[in-house]
Amino acid sequence: MFGLHTINTINKAVYVVEGEKTWQAVIDKIPGASVVTWVGGAQSVKKSNWKVLKGKTLILCPDNDKPGREAMQYIAKQASGSVFMFQHPDEHPDAWDVADYDGEDLEAFIDEHLVDHNEVQEEQLENVLEVLRKAIKPLGFDKTKLYFFPTNRLQVLELNSSDLGKGNLRMLASDSLWKLAFPTERGIDWDMASDWVQRQCEKKGIFNHMNLRGNGVWRDGSKAVVHMGDHLLVNMERKSLNDFESKYIYQQARKIEMPTVTLLQEEKQLLIDIANKIRWREKCSADILLSYILIAPLSAYWEWRPNVWQRGPAGAGKSTILEFFVKPCLGDMCISFEGDTTEAGIRQTIGTNAMAVIFDEPEADSYSGNQKIEQILKFIRSNASISTGVIAKGTSNQTGIQFQAQCMFLLASINSIPMKPQDKDRITCIELLGREGNTLEHWRQLERLLHALPKDIHQKIFYYMISNIDWAHKVIAQFKEFYFMRTGSRRTGDQFGPLSAGKYLLLGNGQEIPTMEEIEKLVDDSVWSLINENQQRTNEEDFINFIRDVELTIEDLNRNSKKRLLSEVVKIIKEDKAIAEFSTIEASKALQRKGMKVSKDRNTGKLRFHVSKNSDTFMSFFRQKPEFANYQVLLNRLPGAASGQARINDKNFATIHIPVELLITDEDKFGEPRTRPPVENHIVDIEWD
């Protein structure tokens with residue numbers, strides 16, 4: 001160290017300069033100054049013993065270049081007392097030092113340009129930490145878990161607090177940022193970095209899983225936010241995922257393609273024509289399916305999310321409607337499931353997304369299958385409204401998982417699956433007519449309409465709806481009010497209002513709200529019978545629906561085994577005619593093998609359907625349905641039911657018998673005729689032995 005002999009006053013500030021020439025200049029221009037320097041230039045600064053300046057106030061005067069500033073930074077880190085740094089004015093050229101000063105008072109000039117090095121360092125460090133904080137974006141903690149939303153990934157990362165080594169920290173931010181914030185002579189102080197990260201999460205508090213949002217259309221305060229996967233549309237203005245201030249976290253998800261093209265007038269009419277061309281039991285079902293297609297992709301935006309269950313016998317066109325109409329119209333805003341899918345599988349696949357969900361052929365043909373459907377229906381109930389959307393699930397490690405489900409479901413099946421009362425005001429059932437009455441020309445007409453759908457129809461529908469979302473919301477609110485005024489039930493309005501607005505949403509001009517008189521004319525009268533049926537359904541009705549759709553094995557005239565619904569088998573016997581390849585005799589034998597029989601009441605001449613009280617077949621059916629476990633009690637509750645005797649396979653059995661009309665699907669469940677097209681089958685006359 002050069003100049004130690006000048007340090008002769010206790011607590012007097014010591015000037016630290018670069019080079020002997022500068023040292024001499026300060027000695028000459030500031031009489032009595034304590035001045036030191038080191039030998040060998042800026043690159044040799046680490047070779048000197050700076051501990052000799054311990055406790056001194058240092059005034060560091062670097063040359064105006066990078067090596068000089070870095071050398072003085074090193075000295076500042078070794079100091080234990082106060083440190084002030086000379087800041088060169090902007091007009092100083094490169095390599096200027098205090099020896100080049102040609103003014104009268106060097107000491108005053110240096111004092112004028114001093115800054116407190118510790119304060120500067122703290123400010124600079126805080127700036128670096130702020131940049132780092134934005135890069136890793138700590139979200140909070142939950143027990144031993146820490147949560148982040150790093151800008152280099154734009155997805156929420158969950159890390160254990162015990163696993164914050166350099167590998168995981170590098171996932172959050174680059175080494176260059178960590179080195180600026182936590183430098184050491186050898187690189188990065190990863191232990192300090194880990195501790196700082198944990199403290200940042202603690203400051204944020206408990207992480208709220210409910211704030212995560214994936215693909216979908218969301219309500220965020222007064223704004224409509226469309227999550228397109230890699231960017232947002234906030235009130236139709238494009239924003240990056242981390243450029244929108246919100247308590248919600250819109251993490252990067254599957255990209256949704258959506259060119260800015262909307263529906264043409266002829267395309268709107270095509271959608272209406274296709275929905276109307278489908279053969280429905282109730283005409284209003286066309287409006288219900290059309291409304292679902294329009295509003296389901298925006299499911300999270302609505303206060304109430306009604307669901308639809310499309311039912312229909314084999315050959316009615318259920319699969320055609322789903323594959324060639326519904327799914328093409330929903331496109332990227334749809335998640336599809338089939339068959340033996342579980343509630344957990346659906347829930348985990350949906351994740352934080354909010355969109356349309358299609359579940360084709362839910363299986364409930366066994367006890368375990370029925371349990372799965374029960375769980376799925378519970379999940380659908382939880383999707384219905386914002387207030388009921390929070391779900392909590394336990395895990396094997398005793399930690400809870402919470403999430404918010406906000407999807408609209410469309411289920412499609414052949415068999416009727418009983419629903420509990422709490423499901424019936426959340427799921428509207430629409431029914432296709434059977435294969436009877438379907439003509440080749442009808443299918444050709446429907447096929448031509450379906451082929452006319454443009455390939456980008458789903459993008460056009462989605463863009464049309466989100467660009468008119470405020471208007472659509474007001475229209476739906478008016479339809480809700482219409483049903484409330486007509487029925488006195490808010491729940492009916494919530495369920496049927498959104499599912500009746502589709503046609504008006506397509507025919508409207510994007511500005512006008514319909515009057516009650518206009519809605520009255522637009523809504524098909526068949527909706528009232530659907531509402532009444534939905535409100536008045538009982539457990540006994542679900543029970544008889546289930547019996548109708550039970551499948552039995554029956555041999556045709558060539559002794560080939562085929563499956564037919566119980567209602568179809570009973571119908572063959574009732575009409576005393578063969579239908580297609582099955583004779584009345586074969587149908588009767590099939591029933592008797594299962595402990596059942598159709599016979600004529602001697603007093604009234606009406607046909608009765610008998611079930612043995614000890615029928616193994618029926619017992620096996622209803623062991624799969626916990627709610628129908630006591631099937632004998634439920635049979636006795638049906639209209640016209642009674643106990644009796646019947647000879648089945650040459651043996652007498654104690655039976656419960658009900659009117660055959662309850663099982664015939666061409667009539668209403670309790671005898672009221674339904675509007676059906678005439679049956680078109682190949683029928684031959686035979687004698688009933």
# chains A, B, ... in the order shown; residues from 1 in each chain; ligands from 1
call {"tool": "residues_around", "arguments": {"residues": "Glu481 of chain A", "least_positions_apart": "6", "cutoff": "9 Å", "atoms": "only C-alpha atoms", "output": "PyMOL selection string"}}
result
chain A and resi 490+493-494+497+516
call {"tool": "residues_around", "arguments": {"residues": "segment 111-116 of chain A", "least_positions_apart": "6", "cutoff": "6 Å", "atoms": "only C-alpha atoms", "output": "list in words"}}
result
Phe84, Met85, Phe86 and Gln87 of chain A
call {"tool": "write_last_selection", "arguments": {"atoms": "N, CA and C atoms", "output": "compact mmCIF listing (two decimals), in the first residue's frame"}}
result
# COMPACT_ATOMS: atom_id res chain seq x y z
N PHE A 84 -17.61 6.66 0.60
CA PHE A 84 -18.20 7.61 -0.34
C PHE A 84 -17.49 7.45 -1.68
N MET A 85 -18.25 7.57 -2.73
CA MET A 85 -17.70 7.35 -4.07
C MET A 85 -17.81 8.63 -4.88
N PHE A 86 -16.67 8.98 -5.54
CA PHE A 86 -16.67 10.14 -6.43
C PHE A 86 -17.36 9.74 -7.74
N GLN A 87 -18.40 10.52 -8.11
CA GLN A 87 -19.14 10.27 -9.34
C GLN A 87 -18.70 11.27 -10.39
call {"tool": "select_by_dssp", "arguments": {"residues": "segment 57-179 of chain A", "states": "helix (DSSP H, G or I)", "output": "PDB file with C-alpha atoms, in the first residue's frame"}}
result
ATOM      1  CA  LYS A  66     -14.666   0.406 -16.247  1.00  0.00           C
ATOM      2  CA  PRO A  67     -11.475  -1.076 -14.704  1.00  0.00           C
ATOM      3  CA  GLY A  68     -11.189   1.873 -12.343  1.00  0.00           C
ATOM      4  CA  ARG A  69     -14.817   1.645 -11.191  1.00  0.00           C
ATOM      5  CA  GLU A  70     -14.561  -2.138 -10.706  1.00  0.00           C
ATOM      6  CA  ALA A  71     -11.369  -1.727  -8.638  1.00  0.00           C
ATOM      7  CA  MET A  72     -13.053   0.812  -6.353  1.00  0.00           C
ATOM      8  CA  GLN A  73     -16.117  -1.451  -6.015  1.00  0.00           C
ATOM      9  CA  TYR A  74     -13.803  -4.190  -4.759  1.00  0.00           C
ATOM     10  CA  ILE A  75     -12.223  -1.841  -2.220  1.00  0.00           C
ATOM     11  CA  ALA A  76     -15.692  -0.728  -1.046  1.00  0.00           C
ATOM     12  CA  LYS A  77     -16.622  -4.361  -0.301  1.00  0.00           C
ATOM     13  CA  GLN A  78     -13.495  -4.774   1.854  1.00  0.00           C
ATOM     14  CA  VAL A  98      -8.752  13.838 -10.264  1.00  0.00           C
ATOM     15  CA  ALA A  99      -5.139  14.600 -11.314  1.00  0.00           C
ATOM     16  CA  ASP A 100      -6.625  16.179 -14.442  1.00  0.00           C
ATOM     17  CA  LEU A 106      -9.999  20.175  -5.578  1.00  0.00           C
ATOM     18  CA  GLU A 107     -11.329  19.221  -2.152  1.00  0.00           C
ATOM     19  CA  ALA A 108     -14.562  21.185  -2.695  1.00  0.00           C
ATOM     20  CA  PHE A 109     -14.906  19.756  -6.220  1.00  0.00           C
ATOM     21  CA  ILE A 110     -14.622  16.184  -4.945  1.00  0.00           C
ATOM     22  CA  ASP A 111     -17.046  16.841  -2.073  1.00  0.00           C
ATOM     23  CA  GLU A 112     -19.581  18.242  -4.574  1.00  0.00           C
ATOM     24  CA  HIS A 117     -21.729   4.282  -1.632  1.00  0.00           C
ATOM     25  CA  ASN A 118     -23.846   2.176   0.770  1.00  0.00           C
ATOM     26  CA  GLU A 119     -27.018   4.040  -0.124  1.00  0.00           C
ATOM     27  CA  VAL A 120     -26.233   3.727  -3.824  1.00  0.00           C
ATOM     28  CA  GLN A 121     -25.509   0.032  -3.433  1.00  0.00           C
ATOM     29  CA  GLU A 122     -28.762  -0.514  -1.561  1.00  0.00           C
ATOM     30  CA  GLU A 123     -30.701   1.374  -4.235  1.00  0.00           C
ATOM     31  CA  GLN A 124     -28.991  -0.529  -7.027  1.00  0.00           C
ATOM     32  CA  LEU A 125     -29.531  -3.828  -5.241  1.00  0.00           C
ATOM     33  CA  GLU A 126     -33.197  -3.044  -4.689  1.00  0.00           C
ATOM     34  CA  ASN A 127     -33.519  -2.248  -8.393  1.00  0.00           C
ATOM     35  CA  VAL A 128     -31.924  -5.584  -9.244  1.00  0.00           C
ATOM     36  CA  LEU A 129     -34.134  -7.413  -6.754  1.00  0.00           C
ATOM     37  CA  GLU A 130     -37.214  -5.720  -8.209  1.00  0.00           C
ATOM     38  CA  VAL A 131     -36.249  -6.938 -11.676  1.00  0.00           C
ATOM     39  CA  LEU A 132     -35.680 -10.409 -10.226  1.00  0.00           C
ATOM     40  CA  ARG A 133     -38.976 -10.275  -8.321  1.00  0.00           C
ATOM     41  CA  LYS A 134     -40.835  -9.504 -11.559  1.00  0.00           C
ATOM     42  CA  ALA A 135     -38.983 -12.297 -13.326  1.00  0.00           C
ATOM     43  CA  ILE A 136     -39.911 -15.032 -10.836  1.00  0.00           C
ATOM     44  CA  SER A 161     -39.354 -25.074   0.036  1.00  0.00           C
ATOM     45  CA  SER A 162     -36.705 -27.735   0.743  1.00  0.00           C
ATOM     46  CA  ASP A 163     -35.860 -28.065  -2.969  1.00  0.00           C
ATOM     47  CA  LYS A 166     -29.650 -23.834  -7.995  1.00  0.00           C
ATOM     48  CA  GLY A 167     -31.369 -26.225 -10.430  1.00  0.00           C
ATOM     49  CA  ASN A 168     -34.873 -25.130  -9.452  1.00  0.00           C
ATOM     50  CA  LEU A 169     -33.858 -21.496  -9.037  1.00  0.00           C
ATOM     51  CA  ARG A 170     -32.509 -21.546 -12.607  1.00  0.00           C
ATOM     52  CA  MET A 171     -35.984 -22.587 -13.744  1.00  0.00           C
ATOM     53  CA  LEU A 172     -37.304 -19.354 -12.278  1.00  0.00           C
ATOM     54  CA  ASP A 175     -28.001 -16.936 -13.936  1.00  0.00           C
ATOM     55  CA  SER A 176     -27.260 -13.351 -14.948  1.00  0.00           C
ATOM     56  CA  LEU A 177     -30.068 -12.041 -12.749  1.00  0.00           C
ATOM     57  CA  TRP A 178     -29.129 -14.219  -9.793  1.00  0.00           C
ATOM     58  CA  LYS A 179     -25.485 -13.075 -10.101  1.00  0.00           C
TER      59      LYS A 179
END
call {"tool": "atom_distance", "arguments": {"atom1": "atom CA of Ser385 of chain A", "atom2": "atom CA of Arg491 of chain A"}}
result
11.3 Å
call {"tool": "residues_around", "arguments": {"residues": "Ser285 of chain A", "least_positions_apart": "4", "cutoff": "7 Å", "atoms": "only C-alpha atoms", "output": "MDAnalysis selection string"}}
result
chainID A and resid 280 289 430
call {"tool": "residues_around", "arguments": {"residues": "segment 194-198 of chain A", "least_positions_apart": "3", "cutoff": "8 Å", "atoms": "only C-alpha atoms", "output": "list of chain:residue names"}}
result
A:Pro138, A:Leu146, A:Ser161, A:Leu164, A:Gly165, A:Leu169, A:Trp190, A:Asp191, A:Cys201, A:Glu202
call {"tool": "select_by_dssp", "arguments": {"residues": "segment 118-202 of chain A", "states": "strand (DSSP E or B)", "output": "VMD selection string"}}
result
chain A and resid 138 to 142 145 to 148 157 to 160 183 to 184 187 to 188
call {"tool": "write_last_selection", "arguments": {"atoms": "N, CA, C and O atoms", "output": "tab-separated table (two decimals), in the first residue's frame"}}
result
chain	number	residue	atom	x	y	z
A	138	PRO	N	-43.24	-14.29	-7.36
A	138	PRO	CA	-43.72	-15.16	-6.28
A	138	PRO	C	-45.21	-14.94	-6.03
A	138	PRO	O	-45.68	-13.79	-6.00
A	139	LEU	N	-45.96	-16.03	-5.86
A	139	LEU	CA	-47.41	-15.95	-5.67
A	139	LEU	C	-47.85	-16.22	-4.24
A	139	LEU	O	-48.96	-15.90	-3.86
A	140	GLY	N	-46.98	-16.86	-3.46
A	140	GLY	CA	-47.35	-17.20	-2.09
A	140	GLY	C	-46.92	-18.61	-1.74
A	140	GLY	O	-46.13	-19.24	-2.46
A	141	PHE	N	-47.46	-19.10	-0.67
A	141	PHE	CA	-47.08	-20.43	-0.19
A	141	PHE	C	-48.32	-21.14	0.34
A	141	PHE	O	-49.36	-20.54	0.58
A	142	ASP	N	-48.19	-22.43	0.50
A	142	ASP	CA	-49.23	-23.25	1.14
A	142	ASP	C	-48.52	-24.41	1.81
A	142	ASP	O	-48.06	-25.33	1.13
A	145	LYS	N	-45.23	-25.81	0.31
A	145	LYS	CA	-45.18	-25.54	-1.12
A	145	LYS	C	-45.03	-24.03	-1.37
A	145	LYS	O	-45.63	-23.21	-0.68
A	146	LEU	N	-44.22	-23.71	-2.37
A	146	LEU	CA	-44.06	-22.33	-2.81
A	146	LEU	C	-44.54	-22.23	-4.26
A	146	LEU	O	-44.35	-23.15	-5.05
A	147	TYR	N	-45.13	-21.07	-4.63
A	147	TYR	CA	-45.75	-20.93	-5.95
A	147	TYR	C	-45.20	-19.70	-6.66
A	147	TYR	O	-45.04	-18.63	-6.05
A	148	PHE	N	-44.93	-19.87	-7.97
A	148	PHE	CA	-44.33	-18.81	-8.77
A	148	PHE	C	-44.99	-18.76	-10.15
A	148	PHE	O	-45.56	-19.75	-10.62
A	157	LEU	N	-45.58	-22.50	-11.27
A	157	LEU	CA	-44.70	-23.57	-10.83
A	157	LEU	C	-44.88	-23.78	-9.33
A	157	LEU	O	-44.93	-22.82	-8.55
A	158	GLU	N	-44.94	-25.03	-8.94
A	158	GLU	CA	-45.05	-25.39	-7.53
A	158	GLU	C	-43.74	-26.07	-7.11
A	158	GLU	O	-43.36	-27.07	-7.71
A	159	LEU	N	-43.08	-25.51	-6.12
A	159	LEU	CA	-41.81	-26.06	-5.66
A	159	LEU	C	-41.87	-26.29	-4.16
A	159	LEU	O	-42.50	-25.53	-3.42
A	160	ASN	N	-41.19	-27.34	-3.71
A	160	ASN	CA	-41.05	-27.56	-2.28
A	160	ASN	C	-40.03	-26.57	-1.73
A	160	ASN	O	-38.98	-26.33	-2.35
A	183	PRO	N	-24.12	-11.85	-5.73
A	183	PRO	CA	-22.79	-12.19	-6.27
A	183	PRO	C	-21.83	-12.66	-5.18
A	183	PRO	O	-21.93	-12.27	-4.02
A	184	THR	N	-20.91	-13.51	-5.56
A	184	THR	CA	-19.75	-13.88	-4.74
A	184	THR	C	-18.54	-13.86	-5.66
A	184	THR	O	-18.66	-13.73	-6.88
A	187	GLY	N	-19.00	-16.69	-8.01
A	187	GLY	CA	-20.20	-16.82	-8.81
A	187	GLY	C	-21.45	-16.31	-8.13
A	187	GLY	O	-21.63	-15.10	-7.97
A	188	ILE	N	-22.32	-17.23	-7.65
A	188	ILE	CA	-23.63	-16.86	-7.10
A	188	ILE	C	-23.79	-17.48	-5.72
A	188	ILE	O	-23.47	-18.66	-5.52
call {"tool": "closest_atom_pairs", "arguments": {"of": "segment 152-245 of chain A", "to": "segment 447-470 of chain A", "cutoff": "9 Å", "atoms": "only C-alpha atoms", "output": "Markdown table"}}
result
| residue | atom | partner | partner_atom | distance |
| --- | --- | --- | --- | --- |
| A:Val217 | CA | A:Ile466 | CA | 8.1 |
| A:Ala224 | CA | A:Ile469 | CA | 8.0 |
| A:Val226 | CA | A:Ile466 | CA | 8.0 |
| A:Asn235 | CA | A:Ser467 | CA | 8.4 |
| A:Met236 | CA | A:Ser467 | CA | 7.0 |
call {"tool": "closest_residue", "arguments": {"among": "A:Cys329, A:Ile656, A:Val35, A:Leu638", "to": "Val611 of chain A", "atoms": "only C-alpha atoms"}}
result
A:Ile656
call {"tool": "residues_around", "arguments": {"residues": "Asn636 of chain A", "least_positions_apart": "4", "cutoff": "12 Å", "atoms": "only C-alpha atoms", "output": "PDB file with N, CA, C and O atoms, in the first residue's frame"}}
result
ATOM      1  N   GLU A 540     -90.172 -42.534  -9.159  1.00  0.00           N
ATOM      2  CA  GLU A 540     -90.850 -43.623  -9.852  1.00  0.00           C
ATOM      3  C   GLU A 540     -90.712 -43.484 -11.369  1.00  0.00           C
ATOM      4  O   GLU A 540     -90.550 -44.480 -12.076  1.00  0.00           O
ATOM      5  N   PHE A 543     -87.426 -44.594 -12.331  1.00  0.00           N
ATOM      6  CA  PHE A 543     -87.406 -46.044 -12.193  1.00  0.00           C
ATOM      7  C   PHE A 543     -88.001 -46.717 -13.440  1.00  0.00           C
ATOM      8  O   PHE A 543     -87.410 -47.634 -14.019  1.00  0.00           O
ATOM      9  N   ILE A 544     -89.159 -46.253 -13.889  1.00  0.00           N
ATOM     10  CA  ILE A 544     -89.789 -46.870 -15.055  1.00  0.00           C
ATOM     11  C   ILE A 544     -88.981 -46.587 -16.319  1.00  0.00           C
ATOM     12  O   ILE A 544     -88.891 -47.420 -17.228  1.00  0.00           O
ATOM     13  N   HIS A 610     -95.965 -58.885 -15.911  1.00  0.00           N
ATOM     14  CA  HIS A 610     -95.681 -59.543 -14.632  1.00  0.00           C
ATOM     15  C   HIS A 610     -94.175 -59.666 -14.415  1.00  0.00           C
ATOM     16  O   HIS A 610     -93.437 -59.996 -15.343  1.00  0.00           O
ATOM     17  N   VAL A 611     -93.767 -59.442 -13.164  1.00  0.00           N
ATOM     18  CA  VAL A 611     -92.379 -59.669 -12.750  1.00  0.00           C
ATOM     19  C   VAL A 611     -92.407 -60.568 -11.523  1.00  0.00           C
ATOM     20  O   VAL A 611     -93.083 -60.262 -10.529  1.00  0.00           O
ATOM     21  N   LYS A 613     -91.523 -62.003  -8.099  1.00  0.00           N
ATOM     22  CA  LYS A 613     -90.939 -61.340  -6.929  1.00  0.00           C
ATOM     23  C   LYS A 613     -89.556 -61.868  -6.608  1.00  0.00           C
ATOM     24  O   LYS A 613     -88.810 -61.252  -5.851  1.00  0.00           O
ATOM     25  N   ASN A 630     -84.695 -51.569  -3.498  1.00  0.00           N
ATOM     26  CA  ASN A 630     -85.961 -52.202  -3.124  1.00  0.00           C
ATOM     27  C   ASN A 630     -86.936 -52.071  -4.293  1.00  0.00           C
ATOM     28  O   ASN A 630     -87.926 -51.350  -4.244  1.00  0.00           O
ATOM     29  N   TYR A 631     -86.674 -52.801  -5.383  1.00  0.00           N
ATOM     30  CA  TYR A 631     -87.444 -52.632  -6.606  1.00  0.00           C
ATOM     31  C   TYR A 631     -88.896 -53.069  -6.456  1.00  0.00           C
ATOM     32  O   TYR A 631     -89.785 -52.567  -7.145  1.00  0.00           O
ATOM     33  N   GLN A 632     -89.179 -54.011  -5.547  1.00  0.00           N
ATOM     34  CA  GLN A 632     -90.562 -54.458  -5.382  1.00  0.00           C
ATOM     35  C   GLN A 632     -91.443 -53.324  -4.851  1.00  0.00           C
ATOM     36  O   GLN A 632     -92.585 -53.146  -5.304  1.00  0.00           O
ATOM     37  N   GLY A 640    -101.479 -48.356 -11.248  1.00  0.00           N
ATOM     38  CA  GLY A 640    -102.100 -49.603 -11.698  1.00  0.00           C
ATOM     39  C   GLY A 640    -101.385 -50.861 -11.269  1.00  0.00           C
ATOM     40  O   GLY A 640    -101.755 -51.962 -11.702  1.00  0.00           O
ATOM     41  N   ALA A 641    -100.337 -50.736 -10.420  1.00  0.00           N
ATOM     42  CA  ALA A 641     -99.582 -51.920  -9.992  1.00  0.00           C
ATOM     43  C   ALA A 641    -100.381 -52.729  -8.979  1.00  0.00           C
ATOM     44  O   ALA A 641    -101.189 -52.185  -8.213  1.00  0.00           O
ATOM     45  N   ALA A 642    -100.159 -54.052  -8.979  1.00  0.00           N
ATOM     46  CA  ALA A 642    -100.826 -54.941  -8.019  1.00  0.00           C
ATOM     47  C   ALA A 642    -100.031 -56.235  -7.912  1.00  0.00           C
ATOM     48  O   ALA A 642     -99.211 -56.554  -8.778  1.00  0.00           O
ATOM     49  N   SER A 643    -100.263 -56.953  -6.813  1.00  0.00           N
ATOM     50  CA  SER A 643     -99.652 -58.271  -6.650  1.00  0.00           C
ATOM     51  C   SER A 643    -100.574 -59.322  -7.240  1.00  0.00           C
ATOM     52  O   SER A 643    -101.801 -59.147  -7.304  1.00  0.00           O
ATOM     53  N   GLY A 644    -100.003 -60.427  -7.679  1.00  0.00           N
ATOM     54  CA  GLY A 644    -100.825 -61.470  -8.281  1.00  0.00           C
ATOM     55  C   GLY A 644    -100.040 -62.750  -8.490  1.00  0.00           C
ATOM     56  O   GLY A 644     -98.986 -62.959  -7.889  1.00  0.00           O
ATOM     57  N   THR A 655     -96.147 -62.681  -8.312  1.00  0.00           N
ATOM     58  CA  THR A 655     -95.618 -61.594  -9.148  1.00  0.00           C
ATOM     59  C   THR A 655     -96.166 -60.238  -8.720  1.00  0.00           C
ATOM     60  O   THR A 655     -97.128 -60.140  -7.966  1.00  0.00           O
ATOM     61  N   ILE A 656     -95.530 -59.224  -9.232  1.00  0.00           N
ATOM     62  CA  ILE A 656     -96.062 -57.863  -9.205  1.00  0.00           C
ATOM     63  C   ILE A 656     -96.335 -57.517 -10.662  1.00  0.00           C
ATOM     64  O   ILE A 656     -95.462 -57.710 -11.524  1.00  0.00           O
ATOM     65  N   HIS A 657     -97.555 -57.028 -10.967  1.00  0.00           N
ATOM     66  CA  HIS A 657     -97.840 -56.715 -12.364  1.00  0.00           C
ATOM     67  C   HIS A 657     -98.259 -55.256 -12.506  1.00  0.00           C
ATOM     68  O   HIS A 657     -98.848 -54.658 -11.593  1.00  0.00           O
ATOM     69  N   ILE A 658     -97.888 -54.698 -13.649  1.00  0.00           N
ATOM     70  CA  ILE A 658     -98.184 -53.298 -13.956  1.00  0.00           C
ATOM     71  C   ILE A 658     -98.793 -53.238 -15.358  1.00  0.00           C
ATOM     72  O   ILE A 658     -98.606 -54.160 -16.172  1.00  0.00           O
ATOM     73  N   PRO A 659     -99.538 -52.182 -15.678  1.00  0.00           N
ATOM     74  CA  PRO A 659    -100.092 -52.053 -17.037  1.00  0.00           C
ATOM     75  C   PRO A 659     -98.967 -52.017 -18.073  1.00  0.00           C
ATOM     76  O   PRO A 659     -97.952 -51.323 -17.888  1.00  0.00           O
TER      77      PRO A 659
END
call {"tool": "closest_residue", "arguments": {"among": "A:Ser588, A:His227, A:Gly488, A:Ala173", "to": "Ala193 of chain A", "atoms": "only C-alpha atoms"}}
result
A:Ala173
call {"tool": "residues_around", "arguments": {"residues": "Gly55 of chain A", "least_positions_apart": "4", "cutoff": "12 Å", "atoms": "only C-alpha atoms", "output": "list of chain:residue names"}}
result
A:Ile10, A:Asn11, A:Lys12, A:Ala13, A:Val14, A:Trp50, A:Lys51, A:Gln78, A:Ala79, A:Ser80, A:Gly81, A:Ser82, A:Val83
call {"tool": "residues_around", "arguments": {"residues": "Pro362 of chain A", "least_positions_apart": "2", "cutoff": "8 Å", "atoms": "only C-alpha atoms", "output": "list of chain:residue names"}}
result
A:Glu338, A:Gly339, A:Asp340, A:Thr341, A:Phe359, A:Asp360, A:Ala364, A:Ile373, A:Leu411, A:Ala412, A:Ser413
